[in-house]
>>> print(open('coords.pdb').read())   # PDB, C-alpha atoms
ATOM      1  CA  MET A   1       3.029 -19.123 -11.796  1.00  0.00           C
ATOM      2  CA  ALA A   2       4.897 -17.960  -8.734  1.00  0.00           C
ATOM      3  CA  GLN A   3       3.493 -14.652  -7.644  1.00  0.00           C
ATOM      4  CA  ASN A   4       1.622 -12.889  -4.901  1.00  0.00           C
ATOM      5  CA  ILE A   5      -1.662 -11.071  -5.093  1.00  0.00           C
ATOM      6  CA  TYR A   6      -2.640  -8.518  -2.456  1.00  0.00           C
ATOM      7  CA  PHE A   7      -6.331  -7.763  -1.983  1.00  0.00           C
ATOM      8  CA  PHE A   8      -6.969  -4.514  -0.086  1.00  0.00           C
ATOM      9  CA  GLY A   9     -10.546  -4.899   1.197  1.00  0.00           C
ATOM     10  CA  GLN A  10     -12.699  -1.995   2.293  1.00  0.00           C
ATOM     11  CA  ASN A  11     -15.840  -3.638   3.687  1.00  0.00           C
ATOM     12  CA  GLY A  12     -14.346  -6.552   5.598  1.00  0.00           C
ATOM     13  CA  LEU A  13     -14.499 -10.173   4.577  1.00  0.00           C
ATOM     14  CA  PRO A  14     -16.592 -13.046   5.863  1.00  0.00           C
ATOM     15  CA  ASP A  15     -14.715 -15.469   8.073  1.00  0.00           C
ATOM     16  CA  PRO A  16     -12.491 -17.754   5.937  1.00  0.00           C
ATOM     17  CA  ALA A  17     -14.318 -20.725   7.463  1.00  0.00           C
ATOM     18  CA  ILE A  18     -17.238 -19.991   5.098  1.00  0.00           C
ATOM     19  CA  TRP A  19     -15.151 -19.240   1.985  1.00  0.00           C
ATOM     20  CA  GLU A  20     -15.333 -22.846   0.785  1.00  0.00           C
ATOM     21  CA  ALA A  21     -19.115 -22.816   0.487  1.00  0.00           C
ATOM     22  CA  ALA A  22     -19.138 -19.437  -1.259  1.00  0.00           C
ATOM     23  CA  LEU A  23     -16.389 -20.436  -3.699  1.00  0.00           C
ATOM     24  CA  SER A  24     -17.890 -23.833  -4.456  1.00  0.00           C
ATOM     25  CA  ASP A  25     -21.160 -22.122  -5.369  1.00  0.00           C
ATOM     26  CA  LEU A  26     -19.214 -19.964  -7.829  1.00  0.00           C
ATOM     27  CA  LYS A  27     -17.027 -22.549  -9.500  1.00  0.00           C
ATOM     28  CA  GLY A  28     -17.045 -26.124  -8.435  1.00  0.00           C
ATOM     29  CA  ASP A  29     -14.651 -28.015  -6.294  1.00  0.00           C
ATOM     30  CA  TYR A  30     -12.870 -25.519  -4.000  1.00  0.00           C
ATOM     31  CA  THR A  31     -11.617 -26.618  -0.597  1.00  0.00           C
ATOM     32  CA  VAL A  32     -10.450 -24.130   2.030  1.00  0.00           C
ATOM     33  CA  GLU A  33      -8.306 -25.201   4.968  1.00  0.00           C
ATOM     34  CA  VAL A  34      -7.827 -22.654   7.748  1.00  0.00           C
ATOM     35  CA  GLU A  35      -5.137 -22.957  10.402  1.00  0.00           C
ATOM     36  CA  GLU A  36      -6.739 -22.397  13.782  1.00  0.00           C
ATOM     37  CA  ARG A  37      -5.361 -19.500  15.860  1.00  0.00           C
ATOM     38  CA  GLU A  38      -6.090 -18.620  19.469  1.00  0.00           C
ATOM     39  CA  ASP A  39      -4.458 -15.198  19.492  1.00  0.00           C
ATOM     40  CA  ALA A  40      -5.025 -12.164  17.314  1.00  0.00           C
ATOM     41  CA  SER A  41      -2.369 -13.102  14.784  1.00  0.00           C
ATOM     42  CA  PRO A  42      -3.121 -13.316  11.052  1.00  0.00           C
ATOM     43  CA  VAL A  43      -5.345 -16.069   9.731  1.00  0.00           C
ATOM     44  CA  TYR A  44      -3.453 -18.550   7.552  1.00  0.00           C
ATOM     45  CA  GLY A  45      -4.823 -21.140   5.196  1.00  0.00           C
ATOM     46  CA  GLU A  46      -4.760 -22.858   1.828  1.00  0.00           C
ATOM     47  CA  ILE A  47      -7.211 -23.024  -1.038  1.00  0.00           C
ATOM     48  CA  PHE A  48      -7.418 -26.109  -3.240  1.00  0.00           C
ATOM     49  CA  LEU A  49      -9.274 -26.612  -6.493  1.00  0.00           C
ATOM     50  CA  GLY A  50     -10.148 -30.145  -7.501  1.00  0.00           C
ATOM     51  CA  GLY A  51      -7.830 -31.440  -4.769  1.00  0.00           C
ATOM     52  CA  GLU A  52      -4.820 -29.540  -6.187  1.00  0.00           C
ATOM     53  CA  ASP A  53      -3.062 -26.797  -4.246  1.00  0.00           C
ATOM     54  CA  LEU A  54      -4.035 -23.442  -5.769  1.00  0.00           C
ATOM     55  CA  MET A  55      -2.897 -20.815  -3.243  1.00  0.00           C
ATOM     56  CA  GLN A  56      -1.988 -20.060   0.339  1.00  0.00           C
ATOM     57  CA  PHE A  57      -3.464 -17.030   2.050  1.00  0.00           C
ATOM     58  CA  GLU A  58      -2.826 -14.759   5.003  1.00  0.00           C
ATOM     59  CA  LEU A  59      -5.578 -12.465   6.242  1.00  0.00           C
ATOM     60  CA  TYR A  60      -4.575  -9.310   8.135  1.00  0.00           C
ATOM     61  CA  ASN A  61      -6.548  -6.530   9.795  1.00  0.00           C
ATOM     62  CA  PRO A  62      -5.477  -3.435  11.761  1.00  0.00           C
ATOM     63  CA  SER A  63      -6.241  -4.863  15.211  1.00  0.00           C
ATOM     64  CA  GLN A  64      -3.969  -7.895  15.001  1.00  0.00           C
ATOM     65  CA  THR A  65      -1.103  -8.344  17.379  1.00  0.00           C
ATOM     66  CA  ALA A  66       1.196 -11.229  18.225  1.00  0.00           C
ATOM     67  CA  LYS A  67       2.648 -12.760  15.050  1.00  0.00           C
ATOM     68  CA  GLY A  68       1.110  -9.995  12.956  1.00  0.00           C
ATOM     69  CA  PHE A  69       3.344  -7.385  14.617  1.00  0.00           C
ATOM     70  CA  ASP A  70       6.864  -6.299  13.761  1.00  0.00           C
ATOM     71  CA  GLY A  71       8.506  -5.154  16.989  1.00  0.00           C
ATOM     72  CA  GLU A  72      11.430  -3.464  15.206  1.00  0.00           C
ATOM     73  CA  SER A  73       9.363  -1.005  13.197  1.00  0.00           C
ATOM     74  CA  GLY A  74       6.528  -0.679  15.683  1.00  0.00           C
ATOM     75  CA  GLN A  75       4.062  -1.357  12.870  1.00  0.00           C
ATOM     76  CA  SER A  76       1.759  -4.285  12.336  1.00  0.00           C
ATOM     77  CA  VAL A  77       2.221  -6.309   9.161  1.00  0.00           C
ATOM     78  CA  PHE A  78      -1.077  -4.771   8.017  1.00  0.00           C
ATOM     79  CA  GLU A  79       0.320  -1.238   8.445  1.00  0.00           C
ATOM     80  CA  GLN A  80       3.595  -2.159   6.756  1.00  0.00           C
ATOM     81  CA  GLU A  81       1.844  -3.640   3.713  1.00  0.00           C
ATOM     82  CA  ILE A  82      -0.443  -0.619   3.310  1.00  0.00           C
ATOM     83  CA  GLU A  83       2.535   1.733   3.575  1.00  0.00           C
ATOM     84  CA  LEU A  84       4.533  -0.316   1.051  1.00  0.00           C
ATOM     85  CA  ALA A  85       1.581  -0.322  -1.354  1.00  0.00           C
ATOM     86  CA  LYS A  86       1.176   3.452  -1.063  1.00  0.00           C
ATOM     87  CA  THR A  87       4.862   4.301  -1.399  1.00  0.00           C
ATOM     88  CA  GLU A  88       6.244   1.702  -3.809  1.00  0.00           C
ATOM     89  CA  LYS A  89       3.539  -0.317  -5.524  1.00  0.00           C
ATOM     90  CA  SER A  90       1.123   2.478  -6.429  1.00  0.00           C
ATOM     91  CA  GLY A  91       3.693   4.592  -8.238  1.00  0.00           C
ATOM     92  CA  GLY A  92       2.330   7.563  -6.290  1.00  0.00           C
ATOM     93  CA  SER A  93      -1.057   7.426  -8.004  1.00  0.00           C
ATOM     94  CA  PRO A  94      -3.488   9.598  -6.001  1.00  0.00           C
ATOM     95  CA  ASP A  95      -6.444   7.468  -7.165  1.00  0.00           C
ATOM     96  CA  ILE A  96      -4.856   4.215  -6.025  1.00  0.00           C
ATOM     97  CA  ASN A  97      -3.647   5.723  -2.749  1.00  0.00           C
ATOM     98  CA  ALA A  98      -7.164   7.025  -2.067  1.00  0.00           C
ATOM     99  CA  GLU A  99      -8.482   3.476  -2.491  1.00  0.00           C
ATOM    100  CA  LEU A 100      -5.717   2.062  -0.275  1.00  0.00           C
ATOM    101  CA  ALA A 101      -6.573   4.576   2.461  1.00  0.00           C
ATOM    102  CA  LYS A 102     -10.005   2.898   2.782  1.00  0.00           C
ATOM    103  CA  THR A 103      -8.489  -0.552   3.450  1.00  0.00           C
ATOM    104  CA  ASN A 104      -9.622  -2.324   6.609  1.00  0.00           C
ATOM    105  CA  GLU A 105      -8.534  -5.852   5.735  1.00  0.00           C
ATOM    106  CA  LEU A 106      -5.753  -7.333   3.634  1.00  0.00           C
ATOM    107  CA  VAL A 107      -5.571 -10.766   2.053  1.00  0.00           C
ATOM    108  CA  VAL A 108      -2.168 -11.848   0.751  1.00  0.00           C
ATOM    109  CA  LEU A 109      -2.428 -14.731  -1.710  1.00  0.00           C
ATOM    110  CA  ALA A 110       0.624 -16.781  -2.628  1.00  0.00           C
ATOM    111  CA  ILE A 111      -0.054 -18.710  -5.819  1.00  0.00           C
ATOM    112  CA  THR A 112       1.162 -22.271  -5.346  1.00  0.00           C
ATOM    113  CA  ALA A 113      -0.378 -24.045  -8.338  1.00  0.00           C
ATOM    114  CA  GLU A 114       2.451 -26.048  -9.885  1.00  0.00           C
ATOM    115  CA  GLY A 115       2.477 -27.716 -13.257  1.00  0.00           C
ATOM    116  CA  ARG A 116      -0.484 -25.662 -14.431  1.00  0.00           C
ATOM    117  CA  ASP A 117      -0.539 -23.277 -17.342  1.00  0.00           C
ATOM    118  CA  ASP A 118      -0.564 -19.604 -16.260  1.00  0.00           C
ATOM    119  CA  ASP A 119      -3.786 -18.985 -18.205  1.00  0.00           C
ATOM    120  CA  GLN A 120      -5.487 -21.864 -16.397  1.00  0.00           C
ATOM    121  CA  VAL A 121      -4.325 -20.586 -12.998  1.00  0.00           C
ATOM    122  CA  GLN A 122      -5.727 -17.159 -13.907  1.00  0.00           C
ATOM    123  CA  ARG A 123      -9.080 -18.729 -14.872  1.00  0.00           C
ATOM    124  CA  ASP A 124      -9.101 -20.633 -11.567  1.00  0.00           C
ATOM    125  CA  LEU A 125      -8.341 -17.453  -9.586  1.00  0.00           C
ATOM    126  CA  GLU A 126     -10.848 -15.214 -11.364  1.00  0.00           C
ATOM    127  CA  PRO A 127     -13.953 -16.409  -9.477  1.00  0.00           C
ATOM    128  CA  PHE A 128     -12.162 -15.925  -6.150  1.00  0.00           C
ATOM    129  CA  LEU A 129     -10.974 -12.409  -7.017  1.00  0.00           C
ATOM    130  CA  ASP A 130     -14.421 -11.512  -8.372  1.00  0.00           C
ATOM    131  CA  TRP A 131     -15.955 -12.772  -5.134  1.00  0.00           C
ATOM    132  CA  LEU A 132     -13.493 -10.729  -3.055  1.00  0.00           C
ATOM    133  CA  HIS A 133     -14.391  -7.592  -5.020  1.00  0.00           C
ATOM    134  CA  ALA A 134     -18.129  -8.260  -4.685  1.00  0.00           C
ATOM    135  CA  THR A 135     -17.909  -9.116  -0.986  1.00  0.00           C
ATOM    136  CA  ALA A 136     -15.288  -6.762   0.433  1.00  0.00           C
ATOM    137  CA  LYS A 137     -14.944  -4.107  -2.271  1.00  0.00           C
ATOM    138  CA  GLY A 138     -11.471  -2.666  -2.719  1.00  0.00           C
ATOM    139  CA  VAL A 139      -8.548  -3.126  -5.086  1.00  0.00           C
ATOM    140  CA  HIS A 140      -6.006  -5.847  -5.695  1.00  0.00           C
ATOM    141  CA  TYR A 141      -2.370  -5.763  -6.693  1.00  0.00           C
ATOM    142  CA  VAL A 142      -0.702  -8.479  -8.776  1.00  0.00           C
ATOM    143  CA  ASP A 143       3.091  -8.692  -8.531  1.00  0.00           C
ATOM    144  CA  GLY A 144       4.623  -7.379 -11.721  1.00  0.00           C
ATOM    145  CA  THR A 145       1.408  -6.179 -13.354  1.00  0.00           C
ATOM    146  CA  GLY A 146      -0.195  -3.534 -11.113  1.00  0.00           C
ATOM    147  CA  PHE A 147      -3.449  -2.591  -9.396  1.00  0.00           C
ATOM    148  CA  TYR A 148      -6.960  -3.619 -10.443  1.00  0.00           C
ATOM    149  CA  ASP A 149     -10.460  -2.810  -9.308  1.00  0.00           C
ATOM    150  CA  ALA A 150     -13.421  -5.100  -9.940  1.00  0.00           C
ATOM    151  CA  THR A 151     -13.443  -4.431 -13.677  1.00  0.00           C
ATOM    152  CA  SER A 152     -10.106  -3.136 -14.944  1.00  0.00           C
ATOM    153  CA  ARG A 153      -6.475  -2.234 -14.405  1.00  0.00           C
ATOM    154  CA  LEU A 154      -5.982   1.064 -12.580  1.00  0.00           C
TER     155      LEU A 154
END
>>> encode(input="coords.pdb", output="structure tokens")
Amino acid sequence: MAQNIYFFGQNGLPDPAIWEAALSDLKGDYTVEVEEREDASPVYGEIFLGGEDLMQFELYNPSQTAKGFDGESGQSVFEQEIELAKTEKSGGSPDINAELAKTNELVVLAITAEGRDDDQVQRDLEPFLDWLHATAKGVHYVDGTGFYDATSRL
């Protein structure tokens, strides 16, 4: 399963440093490794399940600068991703665009689980996505399949 998932959070997320404890309470043996940053660039990290690489993540918010900024366009990566979601990914849906307009934090997940059945990867991701929806509210977009809220496809 090689795809990206974009979670457009509306209430902000807890610091990724505490994700491991929250996820392990939900479903077993998650490990979260966060790359330390001194500037205001995006937060990068990896999430493992049972010692196996499950996904990489990048966490963006509107105030980030440095590596989270594209000097050519004048927009932050956060702004670019929101604009792309509104113009290309949403298909112009007013309901989805209204949800995207509330976004104050973006988590980009790159699925890295290799050698695992797609259904198993989905089962492994479900607790994390459910937790994101419960914690930060918002919608998520799965490459090739569309937008979802906490309960259904939009």
>>> atom_distance(input="coords.pdb", atom1="CA of Gly138 in chain A", atom2="CA of Tyr44 in chain A")
20.5 Å
>>> closest_residue(input="coords.pdb", among="A:Thr145, A:Ala101, A:Leu59, A:Gly115", to="Arg37 in chain A", atoms="all atoms listed in the file")
A:Leu59
>>> atom_distance(input="coords.pdb", atom1="CA of Gln80 in chain A", atom2="CA of Lys102 in chain A")
15.0 Å
>>> residues_around(input="coords.pdb", residues="Val139 in chain A", least_positions_apart="4", cutoff="9 Å", atoms="all atoms listed in the file", output="ChimeraX atom specification")
/A:6-10,96,99-100,103,133,147-150,154
>>> atom_distance(input="coords.pdb", atom1="CA of Asp143 in chain A", atom2="CA of Glu81 in chain A")
13.3 Å
>>> closest_residue(input="coords.pdb", among="A:Gly91, A:Pro127, A:Gly144, A:Gly12", to="Asp25 in chain A", atoms="only C-alpha atoms")
A:Pro127
>>> residues_around(input="coords.pdb", residues="Trp19 in chain A", least_positions_apart="5", cutoff="9 Å", atoms="all atoms listed in the file", output="number ranges by chain")
A: 14, 24, 30-32
>>> decode(input="coords.pdb", residues="range 7-33 of chain A", atoms="N, CA, C and O atoms", output="compact mmCIF listing (two decimals), in the first residue's frame")
# COMPACT_ATOMS: atom_id res chain seq x y z
N PHE A 7 -4.66 14.53 6.83
CA PHE A 7 -5.66 14.80 7.86
C PHE A 7 -5.68 16.31 8.10
O PHE A 7 -4.67 16.89 8.50
N PHE A 8 -6.84 16.93 7.85
CA PHE A 8 -7.02 18.37 7.99
C PHE A 8 -7.70 18.63 9.33
O PHE A 8 -8.92 18.55 9.45
N GLY A 9 -6.90 18.90 10.37
CA GLY A 9 -7.40 19.05 11.73
C GLY A 9 -7.92 20.45 12.00
O GLY A 9 -7.39 21.43 11.52
N GLN A 10 -8.98 20.51 12.82
CA GLN A 10 -9.61 21.78 13.14
C GLN A 10 -9.37 22.24 14.57
O GLN A 10 -9.49 23.42 14.86
N ASN A 11 -9.05 21.34 15.47
CA ASN A 11 -8.89 21.72 16.88
C ASN A 11 -7.45 21.65 17.35
O ASN A 11 -7.18 21.80 18.53
N GLY A 12 -6.51 21.39 16.47
CA GLY A 12 -5.13 21.24 16.88
C GLY A 12 -4.90 19.85 17.43
O GLY A 12 -5.82 19.18 17.89
N LEU A 13 -3.67 19.41 17.35
CA LEU A 13 -3.30 18.08 17.82
C LEU A 13 -2.36 18.17 19.00
O LEU A 13 -1.57 19.11 19.09
N PRO A 14 -2.40 17.19 19.89
CA PRO A 14 -1.38 17.13 20.93
C PRO A 14 -0.01 16.98 20.29
O PRO A 14 0.11 16.51 19.16
N ASP A 15 1.00 17.36 21.00
CA ASP A 15 2.37 17.21 20.52
C ASP A 15 2.63 15.75 20.15
O ASP A 15 2.25 14.84 20.89
N PRO A 16 3.28 15.50 18.99
CA PRO A 16 3.55 14.11 18.59
C PRO A 16 4.35 13.31 19.62
O PRO A 16 4.31 12.09 19.60
N ALA A 17 5.03 13.99 20.51
CA ALA A 17 5.79 13.28 21.55
C ALA A 17 4.88 12.44 22.45
O ALA A 17 5.34 11.48 23.05
N ILE A 18 3.59 12.77 22.53
CA ILE A 18 2.69 11.97 23.37
C ILE A 18 1.80 11.03 22.56
O ILE A 18 0.99 10.32 23.12
N TRP A 19 1.95 11.02 21.24
CA TRP A 19 1.13 10.14 20.40
C TRP A 19 1.31 8.68 20.76
O TRP A 19 0.37 7.92 20.74
N GLU A 20 2.54 8.27 21.05
CA GLU A 20 2.82 6.86 21.31
C GLU A 20 1.96 6.33 22.46
O GLU A 20 1.35 5.27 22.34
N ALA A 21 1.90 7.08 23.54
CA ALA A 21 1.11 6.63 24.69
C ALA A 21 -0.36 6.55 24.33
O ALA A 21 -1.04 5.56 24.67
N ALA A 22 -0.87 7.55 23.63
CA ALA A 22 -2.28 7.55 23.24
C ALA A 22 -2.59 6.38 22.31
O ALA A 22 -3.59 5.69 22.48
N LEU A 23 -1.73 6.15 21.32
CA LEU A 23 -1.97 5.08 20.36
C LEU A 23 -1.82 3.70 21.00
O LEU A 23 -2.58 2.79 20.70
N SER A 24 -0.87 3.55 21.88
CA SER A 24 -0.68 2.25 22.54
C SER A 24 -1.87 1.91 23.42
O SER A 24 -2.22 0.74 23.55
N ASP A 25 -2.50 2.91 24.01
CA ASP A 25 -3.72 2.68 24.79
C ASP A 25 -4.85 2.18 23.89
O ASP A 25 -5.69 1.40 24.31
N LEU A 26 -4.85 2.64 22.64
CA LEU A 26 -5.91 2.27 21.70
C LEU A 26 -5.73 0.88 21.12
O LEU A 26 -6.67 0.11 21.00
N LYS A 27 -4.50 0.59 20.70
CA LYS A 27 -4.26 -0.68 20.01
C LYS A 27 -2.80 -1.08 20.12
O LYS A 27 -2.04 -0.90 19.19
N GLY A 28 -2.43 -1.57 21.23
CA GLY A 28 -1.16 -2.24 21.38
C GLY A 28 0.13 -1.50 21.13
O GLY A 28 0.32 -0.41 21.58
N ASP A 29 0.97 -2.12 20.36
CA ASP A 29 2.39 -1.86 20.31
C ASP A 29 2.83 -0.81 19.29
O ASP A 29 3.58 -1.09 18.38
N TYR A 30 2.32 0.43 19.42
CA TYR A 30 2.77 1.52 18.56
C TYR A 30 4.02 2.17 19.14
O TYR A 30 4.15 2.31 20.35
N THR A 31 4.91 2.56 18.27
CA THR A 31 6.08 3.36 18.65
C THR A 31 6.11 4.57 17.74
O THR A 31 5.91 4.45 16.53
N VAL A 32 6.34 5.75 18.33
CA VAL A 32 6.41 6.98 17.55
C VAL A 32 7.78 7.59 17.75
O VAL A 32 8.21 7.81 18.88
N GLU A 33 8.48 7.83 16.64
CA GLU A 33 9.78 8.50 16.69
C GLU A 33 9.63 9.85 16.02
O GLU A 33 9.18 9.94 14.88
